[in-house]
Amino acid sequence: MSARLLEIEDLHVDFPTQGAVMHAVDGVSLALDEGEVLGVVGESGSGKSVTMLALMGLVGFPGQVRARAMRFAGRELQGLAPRERRRIVGKDVAMIFQDPTTSLNPCFTVGFQLAETLRLHLGLDARAARARSVQLLEQVGIPAAARRLGDYPHQMSGGMNQRVMIAMAIACNPRLLVADEPTTALDVTIQAQILELLRSLQREHGMALVLITHSMGVVAEMAQRVAVMYAGQVVEERPAAALFAAPQHPYTAALLAAMPERSEGAARLATIAGVVPGPYDRPAGCLFEPRCAWAVPARCGRRPALVPWGDGLVRCHYPMGDATRDVRRAADAAAAGAAAAGAADGQARELAP
């Protein structure tokens, strides 16, 4: 059996704003085993990136991070001194950020930036760091690697910069690699190359991989297990094959229905009406209720819990695999209608002369 590598329990990340608090991450719990690939998917604003930035200790002021536990390889990360945390983050835990052109320092060559990582975490001297940097660039598929060490980021293409970022991330052979939208700014051909590179590196080094993405297609191709996030919460977490075959949460089903390949023959692509709620329009109950075709306000006014369901977890009052789903929903809708009618009748009697 694989050993448990990462455990996040009840993580919250809040950003105070004028008159409200933005709950960017709202009670997220995730676990990852050695060598496992976890896909984290959801719309922009779902809290995917912020969850991993909290793990890396990169949530800046005024963000407030708290969690019941945040353990890596059995070691609690919260409360560690900055020096102790840096010994883990960047070495055993590494992250590839969304946009390589803003993640690399434009004032230094890629060789200097690679060597800096190696010197800080592995203590290599200048000669050894240069040799290892060449080896890393060759490993990620950059031609003429020795010459490219003297290039600045602006002298390389977006795909090349992303490969440099991957080389920096794997420089110290991390046990966990977080890839945050690693193909967002790249064209389709380069996207496929980067994904194949990540897959081969993960298998070669036995790394655990967290892949954050908007693309359900990428998740289907890469992940063993999938966590679907919405408005800062995990709404469904299941093995990838099972999730794609039979989604249990309406949001997951809507994401899958919106995939172009599932709309073949339709006049229009499927969409999800509305937007992810912000700090001023956040529902008190089910966060997906305003956009859900199956919602019953009387039931969805209460916050659903993330509970075991089949082969995974789901956060829904009416899971799609529940055999009694339609009956329960109809009964709840009828009860809500009767209650509303009774209230209206009582109000009419009070107003009657």
# chains A, B, ... in the order shown; residues from 1 in each chain; ligands from 1

$ residues_around --residues "range 200-204 of chain A" --least-positions-apart "2" --cutoff "12 Å" --atoms "only C-alpha atoms" --output "ChimeraX atom specification"
/A:34-38,136,139-141,163,166-167,169-171,173-179,193-198,206-211,222-223

$ residues_around --residues "range 47-53 of chain A" --least-positions-apart "3" --cutoff "9 Å" --atoms "only C-alpha atoms" --output "JSON, numbers by chain"
{"A": [11, 12, 13, 23, 24, 25, 26, 28, 40, 41, 42, 43, 44, 56, 57, 58, 59, 95, 178, 180, 181, 210, 212, 213, 229, 230, 231, 232, 233]}

$ write_last_selection --atoms "N, CA and C atoms" --output "compact mmCIF listing (two decimals), in the first residue's frame"
# COMPACT_ATOMS: atom_id res chain seq x y z
N LEU A 11 -9.28 23.20 5.70
CA LEU A 11 -8.51 24.40 5.37
C LEU A 11 -9.44 25.56 5.02
N HIS A 12 -9.15 26.72 5.60
CA HIS A 12 -9.89 27.96 5.30
C HIS A 12 -8.88 29.04 4.92
N VAL A 13 -9.19 29.76 3.86
CA VAL A 13 -8.40 30.94 3.47
C VAL A 13 -9.39 32.07 3.23
N HIS A 23 -14.45 34.22 1.23
CA HIS A 23 -14.05 32.89 1.66
C HIS A 23 -13.49 32.14 0.43
N ALA A 24 -12.22 32.39 0.14
CA ALA A 24 -11.62 31.79 -1.06
C ALA A 24 -11.53 30.28 -0.95
N VAL A 25 -11.24 29.78 0.25
CA VAL A 25 -11.21 28.34 0.53
C VAL A 25 -12.03 28.13 1.79
N ASP A 26 -13.01 27.23 1.70
CA ASP A 26 -14.01 27.10 2.76
C ASP A 26 -14.11 25.65 3.22
N VAL A 28 -11.78 23.01 3.06
CA VAL A 28 -11.30 21.98 2.12
C VAL A 28 -10.44 20.95 2.86
N VAL A 40 -7.41 18.55 -9.70
CA VAL A 40 -8.29 19.49 -9.02
C VAL A 40 -8.89 20.39 -10.09
N VAL A 41 -10.21 20.35 -10.22
CA VAL A 41 -10.86 21.01 -11.35
C VAL A 41 -12.00 21.89 -10.86
N GLY A 42 -12.31 22.93 -11.62
CA GLY A 42 -13.40 23.84 -11.30
C GLY A 42 -13.22 25.14 -12.05
N GLU A 43 -14.25 25.98 -12.01
CA GLU A 43 -14.19 27.28 -12.69
C GLU A 43 -13.19 28.21 -11.99
N SER A 44 -12.87 29.31 -12.66
CA SER A 44 -12.09 30.37 -12.02
C SER A 44 -12.87 30.87 -10.80
N MET A 56 1.82 25.91 0.15
CA MET A 56 3.19 26.37 -0.09
C MET A 56 3.59 27.53 0.82
N GLY A 57 2.62 28.07 1.58
CA GLY A 57 2.91 29.22 2.43
C GLY A 57 3.05 30.51 1.66
N LEU A 58 2.33 30.62 0.54
CA LEU A 58 2.47 31.78 -0.34
C LEU A 58 1.23 32.68 -0.37
N VAL A 59 0.34 32.53 0.60
CA VAL A 59 -0.81 33.43 0.69
C VAL A 59 -0.36 34.69 1.43
N MET A 95 6.27 23.69 -6.95
CA MET A 95 5.08 24.16 -7.65
C MET A 95 5.45 24.80 -8.98
N VAL A 178 3.20 20.29 -7.56
CA VAL A 178 1.91 20.94 -7.81
C VAL A 178 2.02 21.69 -9.12
N ASP A 180 0.01 24.14 -11.43
CA ASP A 180 -1.15 25.03 -11.45
C ASP A 180 -1.38 25.54 -12.87
N GLU A 181 -2.37 24.96 -13.54
CA GLU A 181 -2.70 25.35 -14.92
C GLU A 181 -1.43 25.42 -15.78
N VAL A 210 -0.19 16.98 -8.10
CA VAL A 210 -1.48 17.66 -8.02
C VAL A 210 -1.60 18.53 -9.26
N ILE A 212 -3.79 21.14 -11.23
CA ILE A 212 -4.90 22.08 -11.17
C ILE A 212 -5.22 22.51 -12.59
N THR A 213 -6.49 22.44 -12.96
CA THR A 213 -6.84 22.74 -14.35
C THR A 213 -8.32 23.09 -14.46
N MET A 229 -13.97 21.32 -7.32
CA MET A 229 -14.16 22.42 -6.38
C MET A 229 -15.13 23.45 -6.94
N TYR A 230 -15.92 24.03 -6.02
CA TYR A 230 -16.85 25.10 -6.41
C TYR A 230 -16.95 26.08 -5.24
N ALA A 231 -16.69 27.35 -5.51
CA ALA A 231 -16.84 28.42 -4.52
C ALA A 231 -16.08 28.13 -3.24
N GLY A 232 -14.88 27.56 -3.37
CA GLY A 232 -14.03 27.32 -2.22
C GLY A 232 -14.25 26.01 -1.53
N GLN A 233 -15.17 25.18 -2.01
CA GLN A 233 -15.46 23.90 -1.39
C GLN A 233 -15.22 22.75 -2.35

$ atom_distance --atom1 "CA of Ala3 in chain A" --atom2 "CA of Ala31 in chain A"
10.9 Å

$ select_by_dssp --residues "range 299-337 of chain A" --states "strand (DSSP E)" --output "JSON, numbers by chain"
{"A": [307, 308, 309, 312, 313, 314]}

$ closest_residue --among "A:Ala73, A:Ala295, A:Ala241, A:Ala146" --to "Arg328 in chain A" --atoms "only C-alpha atoms"
A:Ala295

$ closest_residue --among "A:Asp332, A:Asp99, A:Asp311, A:Glu116" --to "Thr183 in chain A" --atoms "only C-alpha atoms"
A:Asp99

$ residues_around --residues "range 258-267 of chain A" --least-positions-apart "2" --cutoff "12 Å" --atoms "only C-alpha atoms" --output "count of residues only"
19

$ residues_around --residues "Gly274 in chain A" --least-positions-apart "4" --cutoff "12 Å" --atoms "only C-alpha atoms" --output "ChimeraX atom specification"
/A:43,278,281,288-293

$ select_by_dssp --residues "range 179-252 of chain A" --states "alpha helix (DSSP H)" --output "NGL selection string"
:A and (188-205 or 216-222 or 240-245 or 250-252)

$ write_last_selection --atoms "N, CA and C atoms" --output "short mmCIF file (atom, residue, chain, number, x, y, z; two decimals), in the first residue's frame"
data_model
loop_
_atom_site.label_atom_id
_atom_site.label_comp_id
_atom_site.auth_asym_id
_atom_site.auth_seq_id
_atom_site.Cartn_x
_atom_site.Cartn_y
_atom_site.Cartn_z
N VAL A 188 -2.22 24.54 -28.51
CA VAL A 188 -2.66 23.16 -28.30
C VAL A 188 -1.52 22.16 -28.47
N THR A 189 -0.68 22.36 -29.46
CA THR A 189 0.42 21.43 -29.71
C THR A 189 1.39 21.42 -28.54
N ILE A 190 1.75 22.60 -28.04
CA ILE A 190 2.68 22.70 -26.92
C ILE A 190 2.03 22.16 -25.64
N GLN A 191 0.72 22.37 -25.48
CA GLN A 191 0.01 21.82 -24.33
C GLN A 191 0.21 20.31 -24.24
N ALA A 192 0.02 19.63 -25.36
CA ALA A 192 0.16 18.17 -25.38
C ALA A 192 1.58 17.75 -25.01
N GLN A 193 2.56 18.50 -25.49
CA GLN A 193 3.96 18.18 -25.17
C GLN A 193 4.25 18.36 -23.69
N ILE A 194 3.74 19.44 -23.10
CA ILE A 194 3.98 19.70 -21.68
C ILE A 194 3.30 18.64 -20.82
N LEU A 195 2.08 18.26 -21.17
CA LEU A 195 1.38 17.23 -20.40
C LEU A 195 2.11 15.90 -20.48
N GLU A 196 2.58 15.55 -21.66
CA GLU A 196 3.33 14.31 -21.81
C GLU A 196 4.64 14.36 -21.03
N LEU A 197 5.27 15.52 -21.00
CA LEU A 197 6.49 15.69 -20.21
C LEU A 197 6.21 15.49 -18.73
N LEU A 198 5.13 16.11 -18.22
CA LEU A 198 4.79 15.95 -16.81
C LEU A 198 4.47 14.50 -16.48
N ARG A 199 3.76 13.83 -17.38
CA ARG A 199 3.41 12.43 -17.15
C ARG A 199 4.67 11.56 -17.08
N SER A 200 5.59 11.76 -18.01
CA SER A 200 6.80 10.94 -18.03
C SER A 200 7.68 11.23 -16.81
N LEU A 201 7.78 12.52 -16.41
CA LEU A 201 8.58 12.86 -15.24
C LEU A 201 7.97 12.29 -13.96
N GLN A 202 6.64 12.32 -13.87
CA GLN A 202 5.98 11.78 -12.68
C GLN A 202 6.23 10.29 -12.55
N ARG A 203 6.16 9.58 -13.66
CA ARG A 203 6.40 8.15 -13.62
C ARG A 203 7.87 7.83 -13.37
N GLU A 204 8.75 8.60 -13.98
CA GLU A 204 10.19 8.35 -13.84
C GLU A 204 10.68 8.57 -12.42
N HIS A 205 10.18 9.65 -11.77
CA HIS A 205 10.65 10.00 -10.44
C HIS A 205 9.74 9.46 -9.34
N MET A 216 -11.53 19.42 -18.19
CA MET A 216 -11.91 18.06 -17.81
C MET A 216 -11.19 17.05 -18.69
N GLY A 217 -10.88 17.43 -19.93
CA GLY A 217 -10.15 16.54 -20.81
C GLY A 217 -8.75 16.24 -20.29
N VAL A 218 -8.07 17.26 -19.77
CA VAL A 218 -6.75 17.06 -19.18
C VAL A 218 -6.84 16.15 -17.96
N VAL A 219 -7.86 16.35 -17.14
CA VAL A 219 -8.05 15.52 -15.95
C VAL A 219 -8.26 14.06 -16.36
N ALA A 220 -9.08 13.83 -17.37
CA ALA A 220 -9.36 12.47 -17.82
C ALA A 220 -8.10 11.78 -18.30
N GLU A 221 -7.20 12.54 -18.90
CA GLU A 221 -5.99 11.97 -19.47
C GLU A 221 -4.92 11.71 -18.43
N MET A 222 -4.87 12.55 -17.36
CA MET A 222 -3.73 12.53 -16.45
C MET A 222 -4.02 11.95 -15.07
N ALA A 240 -11.10 8.91 -11.03
CA ALA A 240 -11.37 9.61 -12.28
C ALA A 240 -12.33 8.84 -13.18
N ALA A 241 -12.07 7.56 -13.37
CA ALA A 241 -12.91 6.78 -14.29
C ALA A 241 -14.36 6.76 -13.83
N ALA A 242 -14.58 6.59 -12.53
CA ALA A 242 -15.94 6.54 -12.00
C ALA A 242 -16.62 7.88 -12.11
N LEU A 243 -15.88 8.95 -11.87
CA LEU A 243 -16.47 10.29 -11.94
C LEU A 243 -16.92 10.61 -13.36
N PHE A 244 -16.11 10.27 -14.35
CA PHE A 244 -16.49 10.56 -15.73
C PHE A 244 -17.64 9.67 -16.19
N ALA A 245 -17.71 8.46 -15.66
CA ALA A 245 -18.78 7.54 -16.08
C ALA A 245 -20.12 7.91 -15.46
N PRO A 250 -24.47 17.67 -9.25
CA PRO A 250 -24.96 18.38 -10.44
C PRO A 250 -23.92 19.29 -11.09
N TYR A 251 -23.03 19.86 -10.29
CA TYR A 251 -21.99 20.73 -10.86
C TYR A 251 -21.01 19.91 -11.70
N THR A 252 -20.60 18.76 -11.19
CA THR A 252 -19.72 17.89 -11.96
C THR A 252 -20.39 17.48 -13.27
#
